[in-house]
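Source file: final-v6.cif (mmCIF, C-alpha atoms)
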```
data_protein
loop_
_atom_site.label_atom_id
_atom_site.label_comp_id
_atom_site.auth_asym_id
_atom_site.auth_seq_id
_atom_site.Cartn_x
_atom_site.Cartn_y
_atom_site.Cartn_z
CA MET A 1 -146.56 -25.76 214.63
CA LYS A 2 -150.17 -26.19 213.57
CA ASN A 3 -152.77 -23.98 215.22
CA ILE A 4 -154.23 -26.63 217.51
CA SER A 5 -156.02 -25.92 220.77
CA TRP A 6 -154.63 -27.55 223.89
CA ASP A 7 -158.24 -28.23 224.90
CA ASP A 8 -158.67 -30.42 221.78
CA TYR A 9 -155.90 -32.69 223.03
CA LYS A 10 -157.53 -32.94 226.46
CA ILE A 11 -160.91 -33.76 224.90
CA ALA A 12 -159.32 -36.46 222.74
CA TYR A 13 -157.59 -37.85 225.81
CA GLN A 14 -160.91 -38.08 227.64
CA VAL A 15 -162.48 -39.93 224.69
CA ALA A 16 -159.54 -42.33 224.75
CA ILE A 17 -160.16 -43.01 228.46
CA ASP A 18 -163.97 -43.27 228.28
CA GLY A 19 -164.21 -45.01 224.90
CA SER A 20 -167.20 -43.01 223.66
CA LEU A 21 -168.18 -39.47 222.77
CA SER A 22 -171.23 -39.42 225.03
CA GLN A 23 -169.34 -40.60 228.11
CA ALA A 24 -166.47 -38.16 227.43
CA GLY A 25 -169.05 -35.38 227.10
CA LYS A 26 -170.46 -36.25 230.52
CA SER A 27 -166.97 -36.36 232.05
CA LEU A 28 -166.09 -32.96 230.59
CA ASN A 29 -169.57 -31.46 231.08
CA ILE A 30 -169.93 -30.59 227.40
CA ASN A 31 -172.36 -31.92 224.82
CA HIS A 32 -171.86 -34.86 222.46
CA ALA A 33 -171.78 -32.65 219.34
CA THR A 34 -168.99 -30.46 220.73
CA VAL A 35 -166.86 -33.51 221.53
CA LEU A 36 -167.32 -34.83 217.98
CA ARG A 37 -166.52 -31.46 216.42
CA ARG A 38 -163.33 -31.02 218.48
CA ILE A 39 -162.11 -34.57 217.72
CA ASN A 40 -162.67 -34.04 213.99
CA GLN A 41 -160.94 -30.66 214.24
CA LEU A 42 -157.88 -32.17 215.94
CA GLU A 43 -157.57 -35.08 213.50
CA THR A 44 -157.90 -32.73 210.53
CA ALA A 45 -155.19 -30.42 211.89
CA LEU A 46 -152.86 -33.35 212.66
CA GLU A 47 -153.73 -35.13 209.39
CA VAL A 48 -153.89 -38.41 211.30
CA LYS A 49 -156.65 -40.60 212.69
CA LEU A 50 -156.68 -41.06 216.45
CA PHE A 51 -159.77 -43.31 216.67
CA PHE A 52 -161.53 -46.12 214.82
CA ARG A 53 -165.28 -45.42 214.85
CA HIS A 54 -167.64 -48.38 215.26
CA GLN A 55 -170.92 -49.20 216.94
CA ARG A 56 -169.32 -50.24 220.24
CA GLY A 57 -167.49 -46.92 220.63
CA TYR A 58 -164.18 -45.28 219.78
CA LYS A 59 -161.10 -47.49 219.65
CA LEU A 60 -157.56 -46.14 219.52
CA THR A 61 -155.40 -46.17 216.45
CA ASP A 62 -151.62 -46.44 216.88
CA ALA A 63 -151.50 -42.63 216.96
CA GLY A 64 -154.30 -42.61 219.53
CA ALA A 65 -152.34 -45.03 221.70
CA ILE A 66 -149.38 -42.64 221.68
CA LEU A 67 -151.74 -39.84 222.70
CA LEU A 68 -153.06 -41.92 225.61
CA ALA A 69 -149.55 -42.84 226.75
CA GLU A 70 -147.91 -39.41 226.49
CA LEU A 71 -150.62 -36.94 227.42
CA PRO A 72 -150.80 -37.64 231.20
CA SER A 73 -147.21 -36.48 231.72
CA LEU A 74 -147.88 -33.41 229.57
CA ILE A 75 -151.01 -32.57 231.57
CA THR A 76 -149.00 -32.88 234.78
CA ARG A 77 -146.26 -30.59 233.43
CA PHE A 78 -148.78 -28.01 232.21
CA SER A 79 -150.57 -28.08 235.56
CA LYS A 80 -147.24 -27.47 237.28
CA LEU A 81 -146.50 -24.61 234.88
CA GLU A 82 -149.90 -23.03 235.53
CA HIS A 83 -149.33 -23.31 239.28
CA GLN A 84 -145.91 -21.69 239.01
CA LEU A 85 -147.20 -18.85 236.84
CA GLN A 86 -150.18 -18.21 239.10
CA ASN A 87 -148.10 -18.23 242.27
CA VAL A 88 -144.90 -16.51 241.17
CA GLU A 89 -146.07 -13.20 242.66
CA SER A 90 -147.34 -14.77 245.86
CA ASN A 91 -143.89 -16.05 246.80
CA ILE A 92 -141.73 -13.81 248.96
CA SER A 93 -138.58 -14.86 247.17
CA GLY A 94 -136.54 -14.03 244.11
CA GLU A 95 -135.07 -10.70 243.04
CA LEU A 96 -136.45 -7.38 244.23
CA ARG A 97 -135.20 -4.43 242.17
CA ILE A 98 -135.32 -1.08 243.97
CA SER A 99 -134.42 2.30 242.53
CA THR A 100 -133.73 5.32 244.70
CA ILE A 101 -131.83 8.59 244.63
CA SER A 102 -128.08 8.27 245.02
CA SER A 103 -128.02 10.45 248.14
CA TYR A 104 -130.33 8.02 249.94
CA SER A 105 -129.12 4.64 248.71
CA SER A 106 -126.31 4.25 251.28
CA GLN A 107 -128.73 4.97 254.12
CA LEU A 108 -130.93 2.08 252.98
CA ALA A 109 -128.36 -0.58 253.82
CA PRO A 110 -129.45 -1.20 257.48
CA ALA A 111 -133.10 -1.44 256.42
CA LEU A 112 -132.35 -3.80 253.54
CA LYS A 113 -130.27 -6.02 255.83
CA ALA A 114 -133.14 -6.18 258.33
CA PHE A 115 -135.59 -6.93 255.51
CA ARG A 116 -133.48 -9.87 254.32
CA ASP A 117 -133.22 -11.16 257.88
CA ILE A 118 -137.01 -11.60 257.75
CA TYR A 119 -137.16 -12.79 254.12
CA PRO A 120 -133.88 -14.60 253.42
CA ALA A 121 -135.08 -15.90 250.02
CA ILE A 122 -135.15 -12.33 248.67
CA ARG A 123 -132.25 -11.10 246.53
CA ILE A 124 -131.93 -7.31 246.33
CA MET A 125 -130.72 -5.25 243.39
CA LEU A 126 -130.36 -1.54 244.25
CA LEU A 127 -130.35 1.00 241.42
CA SER A 128 -128.80 4.20 242.77
CA THR A 129 -129.53 7.07 240.39
CA ASP A 130 -130.88 10.61 240.32
CA ASP A 131 -132.73 9.77 237.11
CA ILE A 132 -136.30 8.46 237.19
CA VAL A 133 -136.31 4.77 236.32
CA PRO A 134 -139.43 3.97 234.21
CA LEU A 135 -141.17 1.22 236.15
CA GLU A 136 -143.08 0.04 233.10
CA SER A 137 -139.76 -1.09 231.63
CA GLY A 138 -139.34 -3.68 234.38
CA ALA A 139 -135.91 -2.29 235.31
CA ALA A 140 -137.19 -1.83 238.88
CA HIS A 141 -140.10 -3.22 240.86
CA VAL A 142 -140.13 -0.35 243.36
CA SER A 143 -138.94 3.25 243.28
CA LEU A 144 -138.31 5.27 246.44
CA ARG A 145 -138.64 8.92 245.40
CA VAL A 146 -138.27 12.16 247.30
CA GLY A 147 -139.98 15.46 246.52
CA PRO A 148 -143.33 16.20 244.85
CA LYS A 149 -145.78 13.34 244.55
CA PRO A 150 -144.94 11.31 241.43
CA ASN A 151 -147.68 11.04 238.86
CA GLY A 152 -148.47 8.57 236.13
CA THR A 153 -151.63 6.79 235.06
CA ASP A 154 -150.07 3.35 235.59
CA LEU A 155 -148.31 4.14 238.88
CA ILE A 156 -149.42 3.36 242.42
CA VAL A 157 -147.95 5.95 244.79
CA LYS A 158 -147.92 5.71 248.59
CA GLN A 159 -146.37 8.16 251.03
CA LEU A 160 -143.84 6.52 253.34
CA THR A 161 -142.83 9.45 255.52
CA ARG A 162 -142.02 13.14 255.63
CA PHE A 163 -138.67 14.44 256.76
CA LYS A 164 -136.96 17.78 257.27
CA THR A 165 -133.52 18.95 256.29
CA ASN A 166 -131.86 21.48 258.63
CA TYR A 167 -128.45 23.10 258.85
CA TYR A 168 -126.01 21.63 261.36
CA ALA A 169 -122.44 22.00 262.54
CA SER A 170 -120.28 19.90 264.80
CA ALA A 171 -119.92 20.87 268.46
CA GLU A 172 -116.22 21.51 267.82
CA TYR A 173 -117.02 23.94 265.01
CA ILE A 174 -119.58 25.79 267.13
CA LYS A 175 -117.07 26.03 269.98
CA GLU A 176 -114.50 27.63 267.70
CA PHE A 177 -116.62 29.79 265.40
CA GLY A 178 -120.01 30.17 267.09
CA GLN A 179 -123.25 30.37 265.13
CA PRO A 180 -124.49 32.90 262.57
CA THR A 181 -127.14 35.09 264.16
CA THR A 182 -128.35 37.01 261.09
CA ASP A 183 -127.96 36.80 257.30
CA SER A 184 -125.31 39.51 257.58
CA THR A 185 -123.10 37.19 259.64
CA LEU A 186 -123.29 34.22 257.23
CA ASN A 187 -120.01 35.29 255.66
CA ASP A 188 -118.27 34.85 258.99
CA HIS A 189 -118.63 31.09 258.61
CA TYR A 190 -117.49 28.19 256.47
CA TRP A 191 -120.11 26.36 254.43
CA ILE A 192 -120.57 22.80 253.24
CA LEU A 193 -123.01 22.72 250.33
CA PRO A 194 -124.11 20.55 247.43
CA THR A 195 -122.83 21.35 243.95
CA PRO A 196 -124.43 24.09 241.80
CA ASP A 197 -126.89 21.69 240.15
CA LYS A 198 -128.63 21.55 243.56
CA TYR A 199 -128.76 25.34 244.03
CA ARG A 200 -132.36 25.35 242.81
CA ILE A 201 -133.38 23.81 246.17
CA PRO A 202 -134.84 26.79 248.12
CA PHE A 203 -133.01 26.24 251.43
CA VAL A 204 -129.71 25.91 249.54
CA ARG A 205 -130.44 28.88 247.29
CA HIS A 206 -130.95 31.14 250.31
CA ILE A 207 -127.45 30.45 251.64
CA VAL A 208 -125.78 30.75 248.23
CA ASP A 209 -127.44 34.12 247.63
CA ASN A 210 -126.22 35.51 250.95
CA ILE A 211 -122.58 34.43 251.09
CA ASP A 212 -119.40 34.98 249.13
CA LYS A 213 -118.57 31.91 247.08
CA ASP A 214 -115.13 31.63 248.69
CA ARG A 215 -116.89 30.83 252.00
CA ILE A 216 -117.96 27.49 250.48
CA VAL A 217 -115.09 25.25 251.54
CA PHE A 218 -116.55 21.91 250.45
CA GLN A 219 -119.08 20.86 247.80
CA SER A 220 -120.32 17.51 246.56
CA SER A 221 -123.03 16.28 244.23
CA HIS A 222 -123.59 13.46 246.72
CA PHE A 223 -125.50 14.51 249.85
CA PRO A 224 -123.92 11.84 252.09
CA ASP A 225 -120.53 13.45 251.34
CA VAL A 226 -121.93 16.80 252.44
CA SER A 227 -123.24 15.25 255.64
CA GLN A 228 -119.93 13.58 256.42
CA ALA A 229 -118.00 16.83 255.91
CA VAL A 230 -120.31 18.55 258.42
CA ILE A 231 -119.89 15.71 260.90
CA GLU A 232 -116.10 16.06 260.57
CA GLY A 233 -116.33 19.74 261.52
CA MET A 234 -115.45 21.39 258.20
CA GLY A 235 -118.31 23.85 258.38
CA ILE A 236 -122.08 24.35 258.44
CA GLY A 237 -124.20 22.32 256.06
CA PRO A 238 -127.55 20.62 255.43
CA ILE A 239 -128.32 17.20 256.93
CA GLY A 240 -131.60 15.31 257.08
CA GLU A 241 -133.25 15.46 260.48
CA HIS A 242 -133.45 11.66 260.83
CA GLN A 243 -129.76 11.27 260.06
CA ALA A 244 -128.69 14.11 262.35
CA LYS A 245 -130.35 12.44 265.34
CA ARG A 246 -127.80 9.63 265.01
CA TYR A 247 -124.95 12.07 265.82
CA PRO A 248 -125.44 13.69 269.25
CA SER A 249 -122.39 15.92 268.69
CA LEU A 250 -124.16 17.80 265.89
CA VAL A 251 -125.73 21.17 266.74
CA GLN A 252 -128.66 22.50 264.75
CA VAL A 253 -127.97 25.98 263.39
CA THR A 254 -131.02 28.24 263.25
CA LEU A 255 -131.10 30.23 260.02
CA ASN A 256 -133.52 32.56 258.30
CA SER A 257 -133.80 30.14 255.37
CA PRO A 258 -136.90 28.48 253.90
CA GLU A 259 -137.99 25.36 255.71
CA SER A 260 -137.32 22.11 253.91
CA GLU A 261 -139.82 19.32 254.43
CA GLU A 262 -140.15 16.68 251.78
CA ALA A 263 -142.08 13.47 251.39
CA MET A 264 -140.67 10.10 250.51
CA TRP A 265 -142.86 8.11 248.14
CA PHE A 266 -143.11 4.36 247.58
CA VAL A 267 -143.89 3.92 243.90
CA TYR A 268 -144.66 0.80 241.88
CA HIS A 269 -146.40 -0.11 238.63
CA LYS A 270 -150.02 -1.23 238.76
CA ASP A 271 -148.99 -4.58 237.25
CA SER A 272 -147.12 -5.28 240.52
CA LYS A 273 -150.07 -4.62 242.81
CA HIS A 274 -150.43 -8.36 243.55
CA SER A 275 -146.71 -8.91 244.08
CA ALA A 276 -146.03 -10.28 247.56
CA ARG A 277 -142.45 -9.01 247.37
CA VAL A 278 -143.59 -5.43 246.74
CA LYS A 279 -146.35 -5.60 249.34
CA CYS A 280 -144.18 -6.98 252.15
CA PHE A 281 -141.36 -4.53 251.36
CA TYR A 282 -143.80 -1.59 251.65
CA GLU A 283 -145.23 -2.88 254.93
CA PHE A 284 -141.72 -3.49 256.27
CA LEU A 285 -140.49 0.05 255.44
CA LEU A 286 -143.64 1.64 256.83
CA LYS A 287 -143.30 -0.23 260.12
CA ARG A 288 -139.58 0.50 260.35
CA LEU A 289 -140.12 4.22 259.85
CA GLU A 290 -142.89 4.22 262.45
CA ASN A 291 -140.56 2.55 264.95
CA LEU A 292 -137.78 5.06 264.23
CA THR A 293 -140.18 7.95 264.73
CA ALA A 294 -141.39 6.48 268.02
CA LEU A 295 -137.82 6.13 269.28
CA GLU A 296 -136.97 9.70 268.33
CA THR A 297 -139.95 11.16 270.19
CA ARG A 298 -139.13 9.43 273.50
#
```

Just give me the structure of the file as structure tokens.
Amino acid sequence: MKNISWDDYKIAYQVAIDGSLSQAGKSLNINHATVLRRINQLETALEVKLFFRHQRGYKLTDAGAILLAELPSLITRFSKLEHQLQNVESNISGELRISTISSYSSQLAPALKAFRDIYPAIRIMLLSTDDIVPLESGAAHVSLRVGPKPNGTDLIVKQLTRFKTNYYASAEYIKEFGQPTTDSTLNDHYWILPTPDKYRIPFVRHIVDNIDKDRIVFQSSHFPDVSQAVIEGMGIGPIGEHQAKRYPSLVQVTLNSPESEEAMWFVYHKDSKHSARVKCFYEFLLKRLENLTALETR
């Protein structure tokens, strides 16, 4: 295609309507010389005459008549395209891609269901991974991360909440085996722990360093599996405080281990700062977490 400005077509169209350069210039709020230059530029690029010049104004050639007939529908289509492009991020609809750690993804289901109840035109794609998904790649619109505050020059990072992880056991386990009272009694109990790749976590490291490895009766790389094993009464293990409150039969076990309090971060790329989908999802999660906290403190 020739390098022709879309504005040149619109100027030519206005000349075709008004019949003169001066009147077209007034309609477009540009001067007569600019109109003439742009018409000449368009005709040169197309290698075709659009107008007959004479004293009474500009009359259409056969090519000019085609321009006059076809351009209105093109202008309408381009206007529609511009509107769609300008408003695509103001619509609370379409696909919302969310990445989060695998140990948290299953717990998101109730929140995501409630979110779609409010915004039924949203389609959710959940990326469950322990790897950091680069938001600049477009693979995800939002990342829910746990731990230290994420950094990146192109990232917008907002704290959603803070939560603690404690050690728990089922009431049945406590009834049968009691609770450890000191580090020296840790070996008297059965332990449910994450796999060795998670031993770097301080509150896990403390237990591992103070027990015989044969006291670990269940391990998983997936924290929800660890939680479920504790709920089933297999032993003592770590569970997030928010999750534990949903199971009244769980008993918190007081240990001499480092406290674990981590933040959850809502992360998105700066190019998404005007996205209505991202904005309403953040506001929804923030409000939901506030409501959960209020219920738990009653």

Margin query: Residue by residue, what does the PyMOL selection byres ((chain A and resi 48) around 12) grab here? Present the result as number ranges by chain.
Written below: A: 39-47, 49-52, 60-64, 67

Next item on the list: On this file, the PyMOL selection byres ((chain A and resi 12) around 12) gives some set of residues; write that set as a ChimeraX atom specification.
Entry: /A:5-11,13-21,24-25,28,34-43,49-51,58-60,63-68,71

Next item on the list: Find, counting all atoms listed in the file, the residue in A:Gly237, A:Asp117, A:His222, A:Ala69 that gets nearest to Val253 of chain A.
Entry: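 For Val253 of chain A, the nearest of the candidates is A:Gly237.
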
Compile the contact shell of Lys279 of chain A as a PDB file with C-alpha atoms, keeping the file's coordinate frame: residues with an atom at most 10 Å away, counting all atoms listed in the file, same-chain residues fewer than 5 positions apart removed.
```pdb
ATOM      1  CA  SER A  90    -147.340 -14.770 245.860  1.00  0.00           C
ATOM      2  CA  ILE A  92    -141.730 -13.810 248.960  1.00  0.00           C
ATOM      3  CA  TYR A 268    -144.660   0.800 241.880  1.00  0.00           C
ATOM      4  CA  SER A 272    -147.120  -5.280 240.520  1.00  0.00           C
ATOM      5  CA  LYS A 273    -150.070  -4.620 242.810  1.00  0.00           C
ATOM      6  CA  HIS A 274    -150.430  -8.360 243.550  1.00  0.00           C
ATOM      7  CA  PHE A 284    -141.720  -3.490 256.270  1.00  0.00           C
TER       8      PHE A 284
END
```

Next item on the list: Give as a list in words the residues that the PyMOL selection byres ((chain A and resi 156) around 12) matches when applied to the coordinates above.
Entry: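 When the PyMOL selection byres ((chain A and resi 156) around 12) is applied to the shown file, the picked residues are Leu135, Glu136, His141, Val142, Ser143, Leu144, Lys149, Pro150, Asn151, Gly152, Thr153, Asp154, Leu155, Val157, Lys158, Gln159, Trp265, Phe266, Val267, Tyr268, His269, Lys270, Asp271, Ser272, Lys273, His274, Val278, Lys279 and Tyr282 of chain A.
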
Margin query: So the first atom is atom CA of Ala263 of chain A and the second is atom CA of Leu112 of chain A; what is the distance between them in Å, to one decimal place?
Written below: 19.9 Å

Check: Hey, what's within 7 Å of segment 167-175 of chain A if we count all atoms listed in the file and toss same-chain stuff fewer than 5 positions away? As a PyMOL selection string, please?
Finding: chain A and resi 230-231+233+235-239+249-253

Please reconstruct the missing atoms of segment 3-21 of chain A (target: N, CA, C and O atoms) and return them as an mmCIF file, in the frame of the given file.
```
data_model
loop_
_atom_site.group_PDB
_atom_site.id
_atom_site.type_symbol
_atom_site.label_atom_id
_atom_site.label_comp_id
_atom_site.auth_asym_id
_atom_site.auth_seq_id
_atom_site.Cartn_x
_atom_site.Cartn_y
_atom_site.Cartn_z
ATOM 1 N N ASN A 3 -151.960 -24.735 214.262
ATOM 2 C CA ASN A 3 -152.770 -23.980 215.220
ATOM 3 C C ASN A 3 -153.799 -24.918 215.837
ATOM 4 O O ASN A 3 -154.944 -24.993 215.384
ATOM 5 N N ILE A 4 -153.369 -25.644 216.859
ATOM 6 C CA ILE A 4 -154.230 -26.630 217.510
ATOM 7 C C ILE A 4 -154.449 -26.216 218.960
ATOM 8 O O ILE A 4 -153.511 -25.861 219.670
ATOM 9 N N SER A 5 -155.694 -26.278 219.396
ATOM 10 C CA SER A 5 -156.020 -25.920 220.770
ATOM 11 C C SER A 5 -155.592 -27.025 221.734
ATOM 12 O O SER A 5 -155.779 -28.220 221.456
ATOM 13 N N TRP A 6 -155.002 -26.598 222.845
ATOM 14 C CA TRP A 6 -154.630 -27.550 223.890
ATOM 15 C C TRP A 6 -155.864 -28.271 224.416
ATOM 16 O O TRP A 6 -155.815 -29.458 224.765
ATOM 17 N N ASP A 7 -156.997 -27.601 224.438
ATOM 18 C CA ASP A 7 -158.240 -28.230 224.900
ATOM 19 C C ASP A 7 -158.648 -29.404 224.000
ATOM 20 O O ASP A 7 -159.247 -30.381 224.472
ATOM 21 N N ASP A 8 -158.342 -29.313 222.689
ATOM 22 C CA ASP A 8 -158.670 -30.420 221.780
ATOM 23 C C ASP A 8 -157.934 -31.690 222.185
ATOM 24 O O ASP A 8 -158.481 -32.803 222.123
ATOM 25 N N TYR A 9 -156.668 -31.539 222.572
ATOM 26 C CA TYR A 9 -155.900 -32.690 223.030
ATOM 27 C C TYR A 9 -156.536 -33.301 224.286
ATOM 28 O O TYR A 9 -156.622 -34.527 224.436
ATOM 29 N N LYS A 10 -156.948 -32.434 225.214
ATOM 30 C CA LYS A 10 -157.530 -32.940 226.460
ATOM 31 C C LYS A 10 -158.874 -33.626 226.210
ATOM 32 O O LYS A 10 -159.206 -34.626 226.868
ATOM 33 N N ILE A 11 -159.645 -33.112 225.242
ATOM 34 C CA ILE A 11 -160.910 -33.760 224.900
ATOM 35 C C ILE A 11 -160.648 -35.126 224.267
ATOM 36 O O ILE A 11 -161.306 -36.123 224.599
ATOM 37 N N ALA A 12 -159.669 -35.186 223.363
ATOM 38 C CA ALA A 12 -159.320 -36.460 222.740
ATOM 39 C C ALA A 12 -158.836 -37.456 223.785
ATOM 40 O O ALA A 12 -159.153 -38.664 223.715
ATOM 41 N N TYR A 13 -158.094 -36.991 224.740
ATOM 42 C CA TYR A 13 -157.590 -37.850 225.810
ATOM 43 C C TYR A 13 -158.754 -38.431 226.622
ATOM 44 O O TYR A 13 -158.756 -39.610 226.991
ATOM 45 N N GLN A 14 -159.752 -37.602 226.885
ATOM 46 C CA GLN A 14 -160.910 -38.080 227.640
ATOM 47 C C GLN A 14 -161.689 -39.125 226.851
ATOM 48 O O GLN A 14 -162.184 -40.117 227.417
ATOM 49 N N VAL A 15 -161.808 -38.924 225.530
ATOM 50 C CA VAL A 15 -162.480 -39.930 224.690
ATOM 51 C C VAL A 15 -161.697 -41.242 224.721
ATOM 52 O O VAL A 15 -162.280 -42.333 224.790
ATOM 53 N N ALA A 16 -160.372 -41.130 224.700
ATOM 54 C CA ALA A 16 -159.540 -42.330 224.750
ATOM 55 C C ALA A 16 -159.750 -43.085 226.057
ATOM 56 O O ALA A 16 -159.753 -44.321 226.087
ATOM 57 N N ILE A 17 -159.938 -42.373 227.154
ATOM 58 C CA ILE A 17 -160.160 -43.010 228.460
ATOM 59 C C ILE A 17 -161.554 -43.621 228.528
ATOM 60 O O ILE A 17 -161.731 -44.778 228.940
ATOM 61 N N ASP A 18 -162.574 -42.844 228.119
ATOM 62 C CA ASP A 18 -163.970 -43.270 228.280
ATOM 63 C C ASP A 18 -164.453 -44.197 227.168
ATOM 64 O O ASP A 18 -165.404 -44.959 227.362
ATOM 65 N N GLY A 19 -163.851 -44.102 225.993
ATOM 66 C CA GLY A 19 -164.210 -45.010 224.900
ATOM 67 C C GLY A 19 -165.416 -44.604 224.098
ATOM 68 O O GLY A 19 -165.800 -45.309 223.159
ATOM 69 N N SER A 20 -166.043 -43.465 224.441
ATOM 70 C CA SER A 20 -167.200 -43.010 223.660
ATOM 71 C C SER A 20 -167.326 -41.499 223.769
ATOM 72 O O SER A 20 -166.864 -40.883 224.740
ATOM 73 N N LEU A 21 -167.992 -40.921 222.769
ATOM 74 C CA LEU A 21 -168.180 -39.470 222.770
ATOM 75 C C LEU A 21 -169.130 -39.037 223.872
ATOM 76 O O LEU A 21 -168.903 -38.024 224.543
#
```
